[in-house]
Amino acid sequence: MRLRRWLTDAQRYAVYAALHGKSRNGKLPKNATKEVAEFFQAHIRVVQRIWKCAREQIALGQEVDVSNKRTSQVGRKKVQLDLSQMATIPLNRRSTLKSLAKSLDVSVSTLHRKFKLGEIRRHSSTMKPHLRESNKRDRLQFCISMLDQETLGDAEPKFIDMQNIVHIDEKWCFMTKNGKILPEA
């Protein structure tokens, strides 16, 4: 498949001038459009369209304008996204791209594109509050309770064998919030 090659306005006027030079009383010889199309490396239908447009303008008594009618902004338009809305969405509804996309009523791919362009950014805040004296005391008490009572008189006391103790870090349970049941707002 050959990609379409867009002609600039100067090339389009040159195509018109070449066709006008080959014409006799407004009529083109048999292979004129084919020759001009090959010279400008354009499709023959593009050259024929330029000639047709020029002939219609001449018939209406207008000045010949064979410039591109395309505007500068062509193609699929970007989805307008109001990023100020994100601050109003509760934190539990904007913790993943999927939940944020649903709250903003846009697709996940649109949000991901905004993320890659740097328009939105990831922010995680693991709260690290300073420990109060009572918290420090409780932690120290827990550590002391894990010492082996028989080795307390030794120069180097040892901790008890913790083979039968399991510590669960609750934040690992909700690494992604998808499994978490959220209250309906």
# chains A, B, ... in the order shown; residues from 1 in each chain; ligands from 1
>>> residues_around(residues="range 27-39 of chain A", least_positions_apart="5", cutoff="12 Å", atoms="only C-alpha atoms", output="PDB file with N, CA and C atoms, in the first residue's frame")
ATOM      1  N   ARG A   5       0.686  11.066  -0.627  1.00  0.00           N
ATOM      2  CA  ARG A   5       1.628  12.161  -0.521  1.00  0.00           C
ATOM      3  C   ARG A   5       0.865  13.454  -0.762  1.00  0.00           C
ATOM      4  N   LEU A   7       0.331  17.229  -1.556  1.00  0.00           N
ATOM      5  CA  LEU A   7       1.043  18.272  -2.292  1.00  0.00           C
ATOM      6  C   LEU A   7       0.920  19.589  -1.540  1.00  0.00           C
ATOM      7  N   GLN A  11       3.106  23.336  -4.989  1.00  0.00           N
ATOM      8  CA  GLN A  11       3.083  22.216  -5.936  1.00  0.00           C
ATOM      9  C   GLN A  11       1.739  22.126  -6.635  1.00  0.00           C
ATOM     10  N   ARG A  12       0.670  22.422  -5.922  1.00  0.00           N
ATOM     11  CA  ARG A  12      -0.668  22.380  -6.539  1.00  0.00           C
ATOM     12  C   ARG A  12      -0.800  23.461  -7.618  1.00  0.00           C
ATOM     13  N   ALA A  14       1.735  24.639  -9.287  1.00  0.00           N
ATOM     14  CA  ALA A  14       2.616  24.187 -10.369  1.00  0.00           C
ATOM     15  C   ALA A  14       1.911  23.128 -11.226  1.00  0.00           C
ATOM     16  N   VAL A  15       1.143  22.249 -10.578  1.00  0.00           N
ATOM     17  CA  VAL A  15       0.364  21.249 -11.317  1.00  0.00           C
ATOM     18  C   VAL A  15      -0.645  21.953 -12.226  1.00  0.00           C
ATOM     19  N   TYR A  16      -1.336  22.952 -11.680  1.00  0.00           N
ATOM     20  CA  TYR A  16      -2.314  23.696 -12.480  1.00  0.00           C
ATOM     21  C   TYR A  16      -1.629  24.395 -13.655  1.00  0.00           C
ATOM     22  N   ALA A  17      -0.462  25.015 -13.376  1.00  0.00           N
ATOM     23  CA  ALA A  17       0.249  25.726 -14.447  1.00  0.00           C
ATOM     24  C   ALA A  17       0.691  24.754 -15.540  1.00  0.00           C
ATOM     25  N   ALA A  18       1.170  23.563 -15.133  1.00  0.00           N
ATOM     26  CA  ALA A  18       1.603  22.569 -16.120  1.00  0.00           C
ATOM     27  C   ALA A  18       0.420  22.092 -16.958  1.00  0.00           C
ATOM     28  N   LEU A  19      -0.716  21.853 -16.321  1.00  0.00           N
ATOM     29  CA  LEU A  19      -1.908  21.426 -17.068  1.00  0.00           C
ATOM     30  C   LEU A  19      -2.426  22.536 -17.969  1.00  0.00           C
ATOM     31  N   HIS A  20      -2.387  23.771 -17.465  1.00  0.00           N
ATOM     32  CA  HIS A  20      -2.852  24.920 -18.262  1.00  0.00           C
ATOM     33  C   HIS A  20      -1.964  25.105 -19.488  1.00  0.00           C
ATOM     34  N   GLY A  21      -0.652  24.867 -19.323  1.00  0.00           N
ATOM     35  CA  GLY A  21       0.272  24.983 -20.450  1.00  0.00           C
ATOM     36  C   GLY A  21       0.028  23.914 -21.498  1.00  0.00           C
ATOM     37  N   LYS A  22      -0.460  22.757 -21.116  1.00  0.00           N
ATOM     38  CA  LYS A  22      -0.708  21.659 -22.057  1.00  0.00           C
ATOM     39  C   LYS A  22      -2.095  21.752 -22.692  1.00  0.00           C
ATOM     40  N   ILE A  44      -2.937  10.225 -10.044  1.00  0.00           N
ATOM     41  CA  ILE A  44      -3.584  10.861 -11.194  1.00  0.00           C
ATOM     42  C   ILE A  44      -4.906  11.530 -10.808  1.00  0.00           C
ATOM     43  N   ARG A  45      -5.612  10.941  -9.827  1.00  0.00           N
ATOM     44  CA  ARG A  45      -6.890  11.532  -9.392  1.00  0.00           C
ATOM     45  C   ARG A  45      -6.677  12.873  -8.701  1.00  0.00           C
ATOM     46  N   VAL A  46      -5.548  13.041  -8.021  1.00  0.00           N
ATOM     47  CA  VAL A  46      -5.243  14.320  -7.376  1.00  0.00           C
ATOM     48  C   VAL A  46      -5.070  15.395  -8.446  1.00  0.00           C
ATOM     49  N   VAL A  47      -4.327  15.054  -9.490  1.00  0.00           N
ATOM     50  CA  VAL A  47      -4.094  16.000 -10.592  1.00  0.00           C
ATOM     51  C   VAL A  47      -5.410  16.317 -11.295  1.00  0.00           C
ATOM     52  N   GLN A  48      -6.261  15.316 -11.519  1.00  0.00           N
ATOM     53  CA  GLN A  48      -7.557  15.543 -12.172  1.00  0.00           C
ATOM     54  C   GLN A  48      -8.458  16.423 -11.306  1.00  0.00           C
ATOM     55  N   ARG A  49      -8.414  16.215  -9.979  1.00  0.00           N
ATOM     56  CA  ARG A  49      -9.224  17.038  -9.077  1.00  0.00           C
ATOM     57  C   ARG A  49      -8.780  18.505  -9.102  1.00  0.00           C
ATOM     58  N   ILE A  50      -7.469  18.717  -9.160  1.00  0.00           N
ATOM     59  CA  ILE A  50      -6.951  20.097  -9.224  1.00  0.00           C
ATOM     60  C   ILE A  50      -7.430  20.769 -10.513  1.00  0.00           C
ATOM     61  N   TRP A  51      -7.366  20.060 -11.625  1.00  0.00           N
ATOM     62  CA  TRP A  51      -7.798  20.618 -12.906  1.00  0.00           C
ATOM     63  C   TRP A  51      -9.313  20.894 -12.909  1.00  0.00           C
ATOM     64  N   LYS A  52     -10.079  19.971 -12.365  1.00  0.00           N
ATOM     65  CA  LYS A  52     -11.536  20.137 -12.307  1.00  0.00           C
ATOM     66  C   LYS A  52     -11.906  21.356 -11.459  1.00  0.00           C
ATOM     67  N   ARG A  55     -11.102  24.518 -13.412  1.00  0.00           N
ATOM     68  CA  ARG A  55     -12.059  24.731 -14.521  1.00  0.00           C
ATOM     69  C   ARG A  55     -13.397  25.262 -13.996  1.00  0.00           C
TER      70      ARG A  55
END
>>> select_by_dssp(residues="range 65-133 of chain A", states="alpha helix (DSSP H)", output="JSON, numbers by chain")
{"A": [97, 98, 99, 100, 101, 102, 103, 104, 108, 109, 110, 111, 112, 113, 114, 115, 116, 117, 133]}
>>> atom_distance(atom1="CA of Lys114 in chain A", atom2="CA of Leu97 in chain A")
10.9 Å
>>> residues_around(residues="Ile144 in chain A", least_positions_apart="6", cutoff="12 Å", atoms="only C-alpha atoms", output="list of chain:residue names")
A:Arg137, A:Asp138, A:Leu152, A:Pro157, A:Lys158, A:Phe159, A:Ile160
>>> closest_residue(among="A:Ser134, A:Gly75, A:Met86, A:Gly118", to="Ser103 in chain A", atoms="only C-alpha atoms")
A:Met86
